[in-house]
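Source file protein.txt; content: compact mmCIF, C-alpha atoms.
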# COMPACT_ATOMS: atom_id res chain seq x y z
CA MET V 2 -16.87 -19.67 -18.28
CA LEU V 3 -19.64 -17.16 -17.69
CA ILE V 4 -19.91 -14.19 -20.04
CA THR V 5 -19.85 -11.84 -17.07
CA LYS V 6 -16.54 -13.21 -15.84
CA THR V 7 -13.21 -11.82 -16.96
CA ASN V 8 -10.94 -14.17 -18.89
CA THR V 9 -7.89 -11.91 -18.63
CA PHE V 10 -4.60 -13.78 -18.31
CA ILE V 11 -3.71 -14.38 -14.62
CA ILE V 12 -6.44 -12.08 -13.28
CA GLY V 13 -9.21 -14.31 -14.69
CA PRO V 14 -8.18 -17.52 -12.85
CA VAL V 15 -7.39 -15.56 -9.67
CA ALA V 16 -10.83 -13.89 -9.79
CA THR V 17 -12.47 -17.32 -10.23
CA LEU V 18 -10.61 -18.62 -7.16
CA LEU V 19 -11.57 -15.55 -5.10
CA GLY V 20 -15.18 -15.92 -6.29
CA PHE V 21 -15.15 -19.50 -5.01
CA ILE V 22 -14.06 -18.19 -1.56
CA MET V 23 -16.75 -15.46 -1.66
CA ASN V 24 -19.39 -18.05 -2.54
CA ALA V 25 -18.23 -20.31 0.30
CA ILE V 26 -18.58 -17.41 2.77
CA PHE V 27 -22.08 -16.66 1.46
CA ILE V 28 -23.15 -20.33 1.85
CA PHE V 29 -21.60 -20.52 5.33
CA LEU V 30 -23.46 -17.41 6.57
CA SER V 31 -26.69 -18.62 4.98
CA SER V 32 -26.58 -22.17 6.36
CA VAL V 33 -25.16 -21.45 9.84
CA PHE V 34 -26.53 -17.98 10.72
CA HIS V 35 -29.38 -17.76 8.14
CA VAL V 36 -27.91 -14.45 6.96
CA GLU V 37 -27.67 -13.72 3.22
CA ASN V 38 -26.03 -10.32 2.92
CA ILE V 39 -23.41 -9.47 0.33
CA GLY V 40 -22.11 -6.43 2.27
CA LEU V 41 -21.26 -8.64 5.26
CA CYS V 42 -19.72 -11.19 2.88
CA ILE V 43 -17.47 -8.48 1.42
CA ILE V 44 -16.19 -7.50 4.90
CA LEU V 45 -15.46 -11.12 5.91
CA PHE V 46 -14.02 -11.80 2.47
CA THR V 47 -11.65 -8.81 2.83
CA ILE V 48 -10.50 -9.95 6.29
CA ILE V 49 -9.77 -13.48 5.03
CA ILE V 50 -7.92 -12.39 1.87
CA TYR V 51 -5.76 -9.83 3.67
CA GLY V 52 -5.15 -12.37 6.42
CA VAL V 53 -3.81 -14.82 3.82
CA MET V 54 -1.63 -12.05 2.36
CA THR V 55 -0.19 -11.13 5.79
CA PRO V 56 3.21 -12.85 5.15
CA LEU V 57 3.61 -10.83 1.93
CA THR V 58 2.56 -7.66 3.73
CA TYR V 59 5.07 -8.34 6.52
CA LYS V 60 7.91 -8.84 4.04
CA GLN V 61 6.99 -5.69 2.13
CA GLN V 62 6.74 -3.56 5.27
CA LYS V 63 9.94 -5.05 6.65
CA PHE V 64 11.68 -4.06 3.43
CA SER V 65 10.24 -0.53 3.70
CA LYS V 66 11.36 -0.09 7.30
CA LEU V 67 14.82 -1.49 6.62
CA SER V 68 15.05 0.78 3.57
CA ALA V 69 14.53 3.76 5.85
CA LYS V 70 17.56 2.59 7.87
CA MET V 71 19.62 1.74 4.78
CA ASN V 72 18.96 4.93 2.84
CA PRO V 73 21.53 7.12 4.68
CA GLU V 74 24.25 4.56 3.92
CA LEU V 75 23.17 4.20 0.29
CA GLN V 76 23.05 8.00 -0.14
CA LYS V 77 26.51 8.25 1.37
CA ILE V 78 27.81 5.82 -1.27
CA GLN V 79 26.06 7.76 -4.04
CA LYS V 80 27.56 11.02 -2.79
CA LYS V 81 30.99 9.40 -2.61
CA TYR V 82 30.93 8.42 -6.28
CA LYS V 83 28.91 11.39 -7.58
CA GLY V 84 30.24 12.57 -10.93
CA LYS V 85 32.53 9.54 -11.36
CA GLN V 86 31.48 7.79 -14.55
CA ASP V 87 34.55 5.61 -15.13
CA GLN V 88 34.07 1.85 -15.10
CA ALA V 89 36.22 1.25 -12.01
CA SER V 90 34.25 3.75 -9.91
CA MET V 91 30.90 2.38 -11.12
CA MET V 92 31.94 -1.18 -10.27
CA LYS V 93 33.17 -0.09 -6.86
CA MET V 94 29.90 1.76 -6.17
CA ASN V 95 27.84 -1.29 -7.16
CA GLU V 96 30.01 -3.49 -4.95
CA GLU V 97 29.55 -1.24 -1.92
CA THR V 98 25.81 -0.95 -2.59
CA LYS V 99 25.46 -4.73 -2.75
CA GLU V 100 27.34 -5.00 0.54
CA VAL V 101 24.78 -2.73 2.23
CA TYR V 102 21.85 -4.78 0.88
CA ALA V 103 23.57 -8.02 1.91
CA LYS V 104 24.21 -6.61 5.37
CA TYR V 105 20.51 -5.96 5.91
CA GLY V 106 19.47 -9.20 4.22
CA VAL V 107 17.18 -7.68 1.59
CA SER V 108 17.13 -7.64 -2.19
CA PRO V 109 16.99 -4.42 -4.25
CA THR V 110 13.95 -5.94 -6.02
CA GLY V 111 12.42 -7.32 -2.81
CA SER V 112 9.54 -4.85 -2.67
CA CYS V 113 8.80 -5.25 -6.40
CA VAL V 114 8.40 -9.02 -6.04
CA GLN V 115 5.84 -8.59 -3.25
CA MET V 116 3.90 -6.05 -5.33
CA LEU V 117 3.92 -8.30 -8.42
CA ILE V 118 2.34 -11.06 -6.33
CA GLN V 119 -0.24 -8.80 -4.70
CA LEU V 120 -1.36 -6.78 -7.76
CA PRO V 121 -3.19 -9.64 -9.58
CA ILE V 122 -4.97 -10.49 -6.32
CA LEU V 123 -6.06 -6.88 -5.80
CA PHE V 124 -7.26 -6.47 -9.40
CA ALA V 125 -9.16 -9.75 -9.15
CA LEU V 126 -10.73 -8.59 -5.88
CA TYR V 127 -12.15 -5.51 -7.62
CA ARG V 128 -13.55 -7.68 -10.39
CA VAL V 129 -15.32 -10.05 -7.98
CA ILE V 130 -16.86 -7.24 -5.89
CA TRP V 131 -17.79 -5.24 -9.01
CA ASN V 132 -19.87 -8.11 -10.42
CA VAL V 133 -20.86 -10.41 -7.57
CA PRO V 134 -23.39 -12.65 -9.42
CA ALA V 135 -20.74 -13.67 -11.96
CA TYR V 136 -18.64 -15.28 -9.22
CA VAL V 137 -21.07 -16.05 -6.40
CA GLY V 138 -23.33 -18.79 -7.70
CA SER V 139 -25.78 -18.49 -4.80
CA VAL V 140 -26.55 -14.89 -5.79
CA LYS V 141 -26.87 -15.71 -9.47
CA ASN V 142 -29.29 -18.58 -8.74
CA ALA V 143 -31.70 -16.13 -7.10
CA PHE V 144 -32.13 -14.41 -10.50
CA MET V 145 -32.55 -17.52 -12.66
CA PRO V 146 -36.34 -18.16 -12.30
CA LEU V 147 -37.03 -14.57 -13.42
CA VAL V 148 -34.36 -14.73 -16.16
CA GLU V 149 -35.94 -17.88 -17.64
CA LYS V 150 -39.33 -16.17 -17.74
CA ILE V 151 -37.89 -13.07 -19.41
CA LEU V 152 -36.06 -15.11 -22.08
CA ALA V 153 -39.30 -16.98 -22.87
CA THR V 154 -41.27 -13.72 -23.32
CA SER V 155 -41.38 -12.03 -26.73
CA GLY V 156 -40.34 -8.38 -26.80
CA SER V 157 -38.35 -8.69 -23.58
CA GLN V 158 -35.07 -7.66 -25.24
CA GLU V 159 -36.36 -4.18 -26.02
CA VAL V 160 -37.46 -3.67 -22.41
CA LEU V 161 -34.16 -4.93 -20.95
CA SER V 162 -32.10 -3.00 -23.50
CA GLU V 163 -33.40 0.34 -22.19
CA ILE V 164 -32.49 -0.57 -18.61
CA ALA V 165 -29.13 -2.00 -19.73
CA LYS V 166 -28.13 1.24 -21.51
CA VAL V 167 -28.66 3.27 -18.35
CA ASN V 168 -26.42 0.83 -16.43
CA ASN V 169 -23.71 0.70 -19.14
CA ILE V 170 -24.38 -2.90 -20.18
CA ASN V 171 -23.98 -3.59 -23.90
CA PHE V 172 -26.13 -6.45 -25.17
CA GLU V 173 -24.53 -6.13 -28.61
CA LYS V 174 -21.15 -7.01 -27.09
CA LEU V 175 -22.26 -9.55 -24.48
CA GLY V 176 -25.23 -10.95 -26.34
CA TYR V 177 -28.81 -11.20 -25.09
CA ALA V 178 -28.37 -14.25 -22.87
CA ALA V 179 -28.94 -15.37 -19.29
CA ASN V 180 -25.64 -14.00 -17.97
CA SER V 181 -26.06 -10.51 -19.48
CA ILE V 182 -29.65 -10.37 -18.16
CA VAL V 183 -28.37 -11.26 -14.67
CA ASP V 184 -25.87 -8.39 -14.97
CA THR V 185 -28.72 -6.03 -15.89
CA LEU V 186 -31.05 -7.17 -13.11
CA TYR V 187 -28.28 -6.94 -10.50
CA LYS V 188 -27.82 -3.24 -11.28
CA CYS V 189 -31.55 -2.43 -11.34
CA LYS V 190 -32.76 0.50 -9.25
CA PRO V 191 -36.22 0.59 -7.56
CA THR V 192 -37.68 2.44 -10.56
CA ASP V 193 -36.27 -0.22 -12.90
CA TRP V 194 -37.99 -2.98 -10.92
CA GLU V 195 -41.26 -1.05 -11.16
CA THR V 196 -40.82 -0.81 -14.94
CA LEU V 197 -40.23 -4.56 -15.19
CA ALA V 198 -43.36 -5.30 -13.15
CA GLU V 199 -45.40 -3.04 -15.46
CA LYS V 200 -43.94 -4.45 -18.71
CA PHE V 201 -44.32 -8.09 -17.60
CA PRO V 202 -47.71 -8.24 -15.82
CA ASP V 203 -47.98 -12.01 -16.33
CA PHE V 204 -45.18 -12.65 -13.84
CA SER V 205 -45.08 -9.34 -11.93
CA ASP V 206 -45.25 -11.32 -8.66
CA LEU V 207 -42.00 -13.07 -9.60
CA VAL V 208 -40.42 -9.69 -10.38
CA THR V 209 -41.45 -8.37 -6.94
CA LYS V 210 -40.22 -11.56 -5.23
CA THR V 211 -36.82 -11.35 -6.97
CA GLN V 212 -36.51 -7.68 -6.06
CA GLY V 213 -37.22 -8.55 -2.41
CA GLU V 214 -34.50 -11.23 -2.42
CA MET V 215 -32.00 -8.83 -4.00
CA ASP V 216 -32.85 -6.12 -1.48
CA ARG V 217 -32.26 -8.57 1.35
CA MET V 218 -28.89 -9.57 -0.14
CA ASN V 219 -27.75 -6.18 -1.44
CA TYR V 220 -28.81 -3.72 1.24
CA PHE V 221 -26.19 -3.10 3.92
CA LEU V 222 -27.02 -0.58 6.66
CA GLY V 223 -29.77 0.78 4.43
CA LEU V 224 -27.57 1.20 1.33
CA ASN V 225 -27.81 -0.76 -1.91
CA ILE V 226 -24.24 -1.99 -2.49
CA ALA V 227 -24.88 -2.42 -6.22
CA ASP V 228 -25.72 1.29 -6.56
CA SER V 229 -23.29 4.21 -6.33
CA PRO V 230 -23.36 6.67 -3.37
CA LEU V 231 -23.98 9.50 -5.85
CA ASN V 232 -27.18 7.88 -7.13
CA ILE V 233 -28.26 7.05 -3.58
CA ILE V 234 -27.72 10.69 -2.55
CA ARG V 235 -29.78 11.92 -5.51
CA SER V 236 -32.68 9.58 -4.77
CA GLY V 237 -32.43 10.40 -1.06
CA LEU V 238 -32.65 14.14 -1.73
CA GLU V 239 -35.63 13.64 -4.06
CA SER V 240 -37.50 11.54 -1.49
CA GLY V 241 -36.39 13.57 1.53
CA ALA V 242 -34.59 10.58 3.12
CA ILE V 243 -31.88 12.51 4.99
CA LEU V 244 -30.51 9.43 6.82
CA LEU V 245 -30.02 7.72 3.46
CA VAL V 246 -28.06 10.75 2.19
CA ILE V 247 -25.88 10.79 5.32
CA GLY V 248 -25.19 7.06 5.02
CA ALA V 249 -24.22 7.42 1.36
CA LEU V 250 -21.91 10.34 2.19
CA LEU V 251 -20.20 8.37 4.95
CA ILE V 252 -18.90 5.69 2.54
CA PRO V 253 -16.59 8.03 0.53
CA ILE V 254 -15.62 10.01 3.65
CA LEU V 255 -14.73 6.88 5.65
CA SER V 256 -12.87 5.49 2.64
CA GLY V 257 -10.68 8.61 2.41
CA LEU V 258 -10.04 8.84 6.16
CA THR V 259 -9.17 5.15 6.63
CA GLN V 260 -6.92 5.21 3.56
CA TRP V 261 -5.13 8.30 4.94
CA PHE V 262 -4.60 6.78 8.40
CA SER V 263 -3.39 3.53 6.80
CA VAL V 264 -0.80 5.43 4.74
CA LYS V 265 0.34 7.40 7.80
CA LEU V 266 0.90 4.19 9.75
CA SER V 267 2.83 2.57 6.91
CA THR V 268 5.16 5.58 6.53
CA ALA V 269 5.54 6.36 10.25
CA ALA V 270 9.01 4.80 10.44
CA THR V 271 10.44 6.51 7.36
CA THR V 272 13.52 8.55 8.23
CA PRO V 273 13.65 11.99 6.54
CA SER V 274 16.56 12.40 4.18
CA ASN V 275 19.07 15.24 4.17
CA ASN V 276 20.06 14.36 0.63
CA SER V 277 18.46 16.75 -1.87
CA GLU V 278 17.64 13.98 -4.34
CA GLY V 279 16.24 11.77 -1.59
CA GLY V 280 14.33 14.71 -0.15
CA THR V 281 12.72 15.42 -3.52
CA MET V 282 11.68 11.80 -3.85
CA GLU V 283 10.27 11.79 -0.33
CA ALA V 284 8.34 14.99 -1.06
CA SER V 285 6.82 13.37 -4.17
CA MET V 286 5.87 10.28 -2.17
CA LYS V 287 4.32 12.45 0.53
CA MET V 288 2.25 14.26 -2.08
CA MET V 289 1.10 10.94 -3.57
CA ASN V 290 0.21 9.61 -0.12
CA ASN V 291 -2.04 12.63 0.41
CA VAL V 292 -3.55 12.58 -3.10
CA MET V 293 -4.47 8.87 -3.19
CA PRO V 294 -6.96 9.03 -0.27
CA LEU V 295 -8.60 12.05 -1.93
CA MET V 296 -8.86 10.10 -5.19
CA SER V 297 -10.54 7.21 -3.36
CA VAL V 298 -13.14 9.69 -2.07
CA VAL V 299 -13.88 10.87 -5.63
CA PHE V 300 -14.02 7.31 -7.04
CA CYS V 301 -16.27 6.12 -4.22
CA PHE V 302 -19.01 8.56 -5.24
CA THR V 303 -19.41 7.01 -8.70
CA LEU V 304 -18.46 3.35 -8.15
CA PRO V 305 -20.79 0.76 -6.55
CA THR V 306 -21.15 1.14 -2.78
CA GLY V 307 -19.83 -2.43 -2.40
CA LEU V 308 -16.40 -1.28 -3.58
CA GLY V 309 -16.49 1.58 -1.08
CA ILE V 310 -17.25 -0.90 1.72
CA TYR V 311 -14.35 -3.02 0.51
CA TRP V 312 -11.98 0.00 0.55
CA VAL V 313 -13.01 0.92 4.09
CA ALA V 314 -12.72 -2.68 5.33
CA SER V 315 -9.36 -3.22 3.61
CA ALA V 316 -7.92 0.02 5.04
CA VAL V 317 -9.01 -0.96 8.57
CA VAL V 318 -7.49 -4.44 8.17
CA ARG V 319 -4.24 -2.92 6.83
CA MET V 320 -4.07 -0.55 9.81
CA ILE V 321 -4.37 -3.47 12.23
CA GLN V 322 -1.76 -5.40 10.25
CA GLN V 323 0.52 -2.36 10.22
CA ILE V 324 0.34 -1.89 13.99
CA ILE V 325 1.28 -5.55 14.49
CA VAL V 326 4.06 -5.40 11.88
CA ASN V 327 5.49 -2.19 13.40
CA LYS V 328 5.66 -3.79 16.84
CA GLN V 329 7.36 -6.90 15.45
CA ILE V 330 9.92 -4.98 13.41
CA ASP V 331 10.71 -2.62 16.30
CA LYS V 332 11.77 -5.67 18.33
CA ILE V 333 14.39 -6.65 15.73
CA ASP V 334 17.99 -6.52 17.02
CA LEU V 335 19.84 -5.00 14.05
CA ASP V 336 23.27 -6.32 15.08
CA GLU V 337 21.92 -9.86 15.47
CA MET V 338 19.98 -9.61 12.22
CA ILE V 339 23.03 -8.35 10.31
CA GLN V 340 25.18 -11.18 11.69
CA LYS V 341 22.63 -13.78 10.61
CA ASN V 342 22.39 -12.19 7.16
CA VAL V 343 26.18 -12.27 6.81
CA GLU V 344 26.23 -15.97 7.71
CA LYS V 345 23.39 -16.74 5.31
CA ASN V 346 25.08 -14.77 2.52
CA ASN V 347 28.38 -16.59 3.11
CA GLU V 348 26.61 -19.95 2.88
CA LYS V 349 25.36 -18.96 -0.57
CA ARG V 350 28.83 -17.76 -1.56
CA LYS V 351 30.33 -21.04 -0.36
CA LYS V 352 27.97 -23.04 -2.58
CA MET V 353 29.00 -20.84 -5.51
CA GLY V 354 32.69 -21.41 -4.76
CA LEU V 355 33.28 -17.80 -3.67
CA PRO V 356 35.26 -16.66 -0.61
CA PRO V 357 33.31 -15.50 2.46
CA GLN V 358 32.33 -11.85 2.65
CA THR V 359 33.10 -9.96 5.84
CA ILE V 360 31.23 -6.94 7.14
CA SER V 361 33.50 -4.40 8.73
CA LYS V 362 33.01 -3.27 12.33
CA GLN V 363 32.47 0.26 11.02
CA ALA V 364 29.58 -0.98 8.84
CA MET V 365 28.08 -2.82 11.81
CA MET V 366 28.25 0.40 13.85
CA ALA V 367 26.61 2.33 11.03
CA ALA V 368 23.54 0.12 11.27
CA SER V 369 23.31 0.58 15.01
CA LYS V 370 23.60 4.35 14.67
CA GLN V 371 20.77 4.46 12.16
CA ALA V 372 18.47 2.99 14.77
CA ASP V 373 18.75 6.22 16.83
CA PRO V 374 19.79 9.26 14.73
CA GLU V 375 19.21 11.70 17.62
CA GLU V 376 21.67 9.83 19.83
CA ASP V 377 24.18 9.75 16.96
CA GLU V 378 23.87 13.54 16.52
CA LYS V 379 24.42 14.03 20.26
CA VAL V 380 27.61 11.93 20.16
CA GLN V 381 28.93 13.87 17.16
CA LYS V 382 28.27 17.16 18.96
CA GLN V 383 30.19 15.95 22.03
CA LYS V 384 33.12 14.91 19.83
CA GLU V 385 33.19 18.34 18.16
CA GLU V 386 33.16 20.10 21.55
CA ALA V 387 36.01 17.88 22.78
CA ARG V 388 38.02 18.64 19.61
CA GLN V 389 37.56 22.41 20.10
CA LYS V 390 38.68 22.18 23.73
CA GLN V 391 41.78 20.20 22.69
CA MET V 392 42.66 22.84 20.09
CA GLU V 393 42.26 25.64 22.65
CA LYS V 394 44.41 23.72 25.13
CA SER V 395 47.11 23.14 22.53
CA THR V 396 47.10 26.82 21.56
CA GLU V 397 47.50 27.93 25.18
CA TYR V 398 50.36 25.49 25.66
CA TYR V 399 52.00 26.75 22.48
CA LYS V 400 51.78 30.37 23.63
CA SER V 401 52.99 29.76 27.19
CA HIS V 402 56.13 27.75 26.27
CA THR V 403 59.31 29.05 24.68
CA ALA V 404 60.16 27.28 21.46
CA LYS V 405 63.72 26.28 20.56
CA PRO V 406 65.44 29.04 18.49
CA GLY V 407 65.44 28.23 14.78
CA SER V 408 62.71 25.58 15.08
CA ILE V 409 59.52 25.54 12.99
CA ALA V 410 57.50 26.29 16.16
CA ALA V 411 59.67 29.37 16.84
CA LYS V 412 59.19 30.62 13.27
CA ALA V 413 55.44 30.02 13.48
CA ARG V 414 55.36 31.99 16.73
CA MET V 415 57.18 34.90 15.07
CA VAL V 416 54.60 34.95 12.26
CA GLU V 417 51.76 34.90 14.76
CA GLN V 418 53.28 37.78 16.74
CA TYR V 419 53.75 39.79 13.54
CA ASN V 420 50.05 39.17 12.59
CA GLU V 421 48.91 40.24 16.03
CA LYS V 422 51.00 43.40 15.81
CA THR V 423 49.80 44.40 12.33
CA GLY V 424 46.19 43.43 13.15
CA LYS V 425 46.00 40.64 10.57
CA LYS V 426 43.86 37.58 11.16
CA LYS V 427 45.45 34.24 11.64

Kindly return the structure encoded in the file as structure tokens.
Amino acid sequence: MLITKTNTFIIGPVATLLGFIMNAIFIFLSSVFHVENIGLCIILFTIIIYGVMTPLTYKQQKFSKLSAKMNPELQKIQKKYKGKQDQASMMKMNEETKEVYAKYGVSPTGSCVQMLIQLPILFALYRVIWNVPAYVGSVKNAFMPLVEKILATSGSQEVLSEIAKVNNINFEKLGYAANSIVDTLYKCKPTDWETLAEKFPDFSDLVTKTQGEMDRMNYFLGLNIADSPLNIIRSGLESGAILLVIGALLIPILSGLTQWFSVKLSTAATTPSNNSEGGTMEASMKMMNNVMPLMSVVFCFTLPTGLGIYWVASAVVRMIQQIIVNKQIDKIDLDEMIQKNVEKNNEKRKKMGLPPQTISKQAMMAASKQADPEEDEKVQKQKEEARQKQMEKSTEYYKSHTAKPGSIAAKARMVEQYNEKTGKKK
């Protein structure tokens, strides 16, 4: 295993696998289209990886959308048993909660499982893009002729150590070897390449040639993906390259905007909660959804431009995925889905030797109502108006008819007449 690779449990092997895919993309573009550009590789790499993760994304978003429909029912159960800490009430609450989850065919830990699968992949993605030569053999091979010359030259460690310190590479920890030198060369700026050519005049042509190959691989739309936008902006301002400054500024700005739009699409179907506890949680989530894109803008300024390109590409891919997922989930017939989930749940119960579980008609109706809360509110308003009219009609009938002497109605009428006479409210 290369020194520059991570050997972290789980993330290490996943990063190696993703590096293999990245290397395959690089070789494919080089051999078929004669294009060797890491920025383009990162975009294609992002599309492929997120395409492979589409089933997980669909399940996670399906859970989120169904949660928005389940939450009013779950909050109703919580309100029903609020303040009841006895064992019987707690067991009853858990039973009713499980019934709601079973009705919608999801697990309370469903979203967590999807995240646990995706997190190692995402962390490994960052590692691969952060240090491309460690995982993409074709890029590393471009450095090796120069690395062999440097290792064979006395006094080279002192020269490389100065450049390594500036780029936060610790030779004492990694050791002065081929892999750590590749790391250093990959992060070299134009001034660093000039220094190398001056310090090693015997093979300055090889230094210039290697720099040219790295520029061809690393530069994407005029930006060095191994350098941070902040450094590019500084050098652009010093040299008066305004277009370079604008391009470097666009990476963090596009990252923040695409992340924000992606979040908005993913939360578009969330139903606001009337429950105070749920409302507080939703407010916290809303704040986080607004803060995270801003944080990506800040991080993008100091991290390599390649990671910024990845964030922009991944956000765009997620938006496309989200639009497709939203359309698919909107087509779901809740009644049909609930019925299938009930049948599937009963099959499991049968194998466990348990009696079948039935979902009440009232529960089925609750799911349908959640699909259109405005229509449900309209129906409730009509019912309330009808109830008021019935009460007024009953009151008029009561006043216009003579009750039997001695009956409860007659006594009630006497009380009402007395209240009217004395000016008391009913």

_Measuring between only C-alpha atoms, which one of V:Leu224, V:Ile26, V:Met54, V:Leu258 shows the shortest distance to V:Met296?_
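Checking each of V:Leu224, V:Ile26, V:Met54, V:Leu258 against V:Met296, counting only C-alpha atoms, the winner is V:Leu258.
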
*Work out how far apart atom CA of V:Ile44 and atom CA of V:Pro230 are and give it in Å to one decimal.*
17.9 Å

*Provide the atom CA of V:Tyr220 to atom CA of V:Asn24 distance in Å, to one decimal place.*
17.6 Å

*Just give me the gap between atom CA of V:Ile39 and atom CA of V:Met218 in Å, one decimal is fine.*
5.5 Å

*If we count only C-alpha atoms, what is near V:Asp206 at a cut-off of 12 Å, once residues fewer than 4 positions away on the same chain are taken out, given as a ChimeraX atom specification?*
/V:146-147,150,194-195,197-199,201-202,210-213

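Within the 9 Å cut-off around V:Val133, using only C-alpha atoms and omitting residues fewer than 4 positions from it on the same chain, the listed residues are Gly20, Met23, Ile39, Arg128, Val129, Val137, Gly138, Val140, Lys141 and Tyr187 of chain V.
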
Atoms to include: C-alpha atoms. Write the selected residues as a compact mmCIF listing (two decimals), in the coordinates of the input.
# COMPACT_ATOMS: atom_id res chain seq x y z
CA GLY V 20 -15.18 -15.92 -6.29
CA MET V 23 -16.75 -15.46 -1.66
CA ILE V 39 -23.41 -9.47 0.33
CA ARG V 128 -13.55 -7.68 -10.39
CA VAL V 129 -15.32 -10.05 -7.98
CA VAL V 137 -21.07 -16.05 -6.40
CA GLY V 138 -23.33 -18.79 -7.70
CA VAL V 140 -26.55 -14.89 -5.79
CA LYS V 141 -26.87 -15.71 -9.47
CA TYR V 187 -28.28 -6.94 -10.50

Mind working out the centre and edge lengths of an axis-aligned box for stretch 55-74 of chain V, all listed atoms inside, 8 Å added to each side, rounded to one decimal in Å and written as JSON?
{"center_x": 12.0, "center_y": -2.9, "center_z": 4.9, "size_x": 40.4, "size_y": 36.0, "size_z": 21.9}

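Here the residues that fall within 10 Å of (-26.0, -8.4, -25.0), using all atoms listed in the file, are given as Ile4, Gln158, Leu161, Ser162, Ala165, Ile170, Asn171, Phe172, Glu173, Lys174, Leu175, Gly176, Tyr177, Ala178, Ala179, Asn180, Ser181, Ile182 and Thr185 of chain V.
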
*Closest to V:Ile310 among V:Gln329, V:Asn168, V:Asn347, V:Asn225, using all atoms listed in the file?*
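Smallest separation from V:Ile310 among the options: V:Asn225.
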
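Using all atoms listed in the file, the nearest neighbour of V:Ile321 within the list V:Met289, V:Ile339, V:Ile48, V:Lys349 is V:Ile48.
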
*With only C-alpha atoms as the basis for distance, which of V:Leu41, V:Thr196, V:Ile233, V:Phe144 is at the shortest distance from V:Glu214?*
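Ranked by minimum distance to V:Glu214, first place goes to V:Phe144.
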
*So, counting only C-alpha atoms, which residue among V:Gln61, V:Ser229, V:Asn290, V:Thr259 is closest to V:Trp312?*
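Closest candidate: V:Thr259.
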
*Please return, as a VMD selection string, all polymer residues that have at least one atom within 9 Å of the point (-20.0, -3.0, -5.4); use only C-alpha atoms and the file's own coordinate frame.*
chain V and resid 40 127 129 to 133 225 to 229 304 to 311

*Near V:Gly257, within 6 Å and counting all atoms listed in the file, which residues show up once chain neighbours fewer than 3 positions away are dropped, as a PyMOL selection string?*
chain V and resi 254+260+294-295+297-298

*asked:* Need the shell around V:Asn327: protein/DNA/RNA residues with any atom at most 9 Å away, counting all atoms listed in the file. Skip same-chain ones fewer than 5 positions apart. Format as a PyMOL selection string?
replied: chain V and resi 62-63+66+266-267+270+322+332

Export of the given selection (C-alpha atoms) as a PDB file, keeping the file's coordinate frame:
ATOM      1  CA  GLN V  62       6.740  -3.560   5.270  1.00  0.00           C
ATOM      2  CA  LYS V  63       9.940  -5.050   6.650  1.00  0.00           C
ATOM      3  CA  LYS V  66      11.360  -0.090   7.300  1.00  0.00           C
ATOM      4  CA  LEU V 266       0.900   4.190   9.750  1.00  0.00           C
ATOM      5  CA  SER V 267       2.830   2.570   6.910  1.00  0.00           C
ATOM      6  CA  ALA V 270       9.010   4.800  10.440  1.00  0.00           C
ATOM      7  CA  GLN V 322      -1.760  -5.400  10.250  1.00  0.00           C
ATOM      8  CA  LYS V 332      11.770  -5.670  18.330  1.00  0.00           C
TER       9      LYS V 332
END

_If we count only C-alpha atoms and set the cut-off at 12 Å, which residues sit around V:Ile11, ignoring sequence neighbours fewer than 4 positions away in its own chain? Please answer as a PyMOL selection string._
chain V and resi 7+15-18+117-125

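Proximity of V:Asn219, V:Asn232, V:Ser31, V:Phe204 to V:Thr154, computed with all atoms listed in the file, is greatest for V:Phe204.
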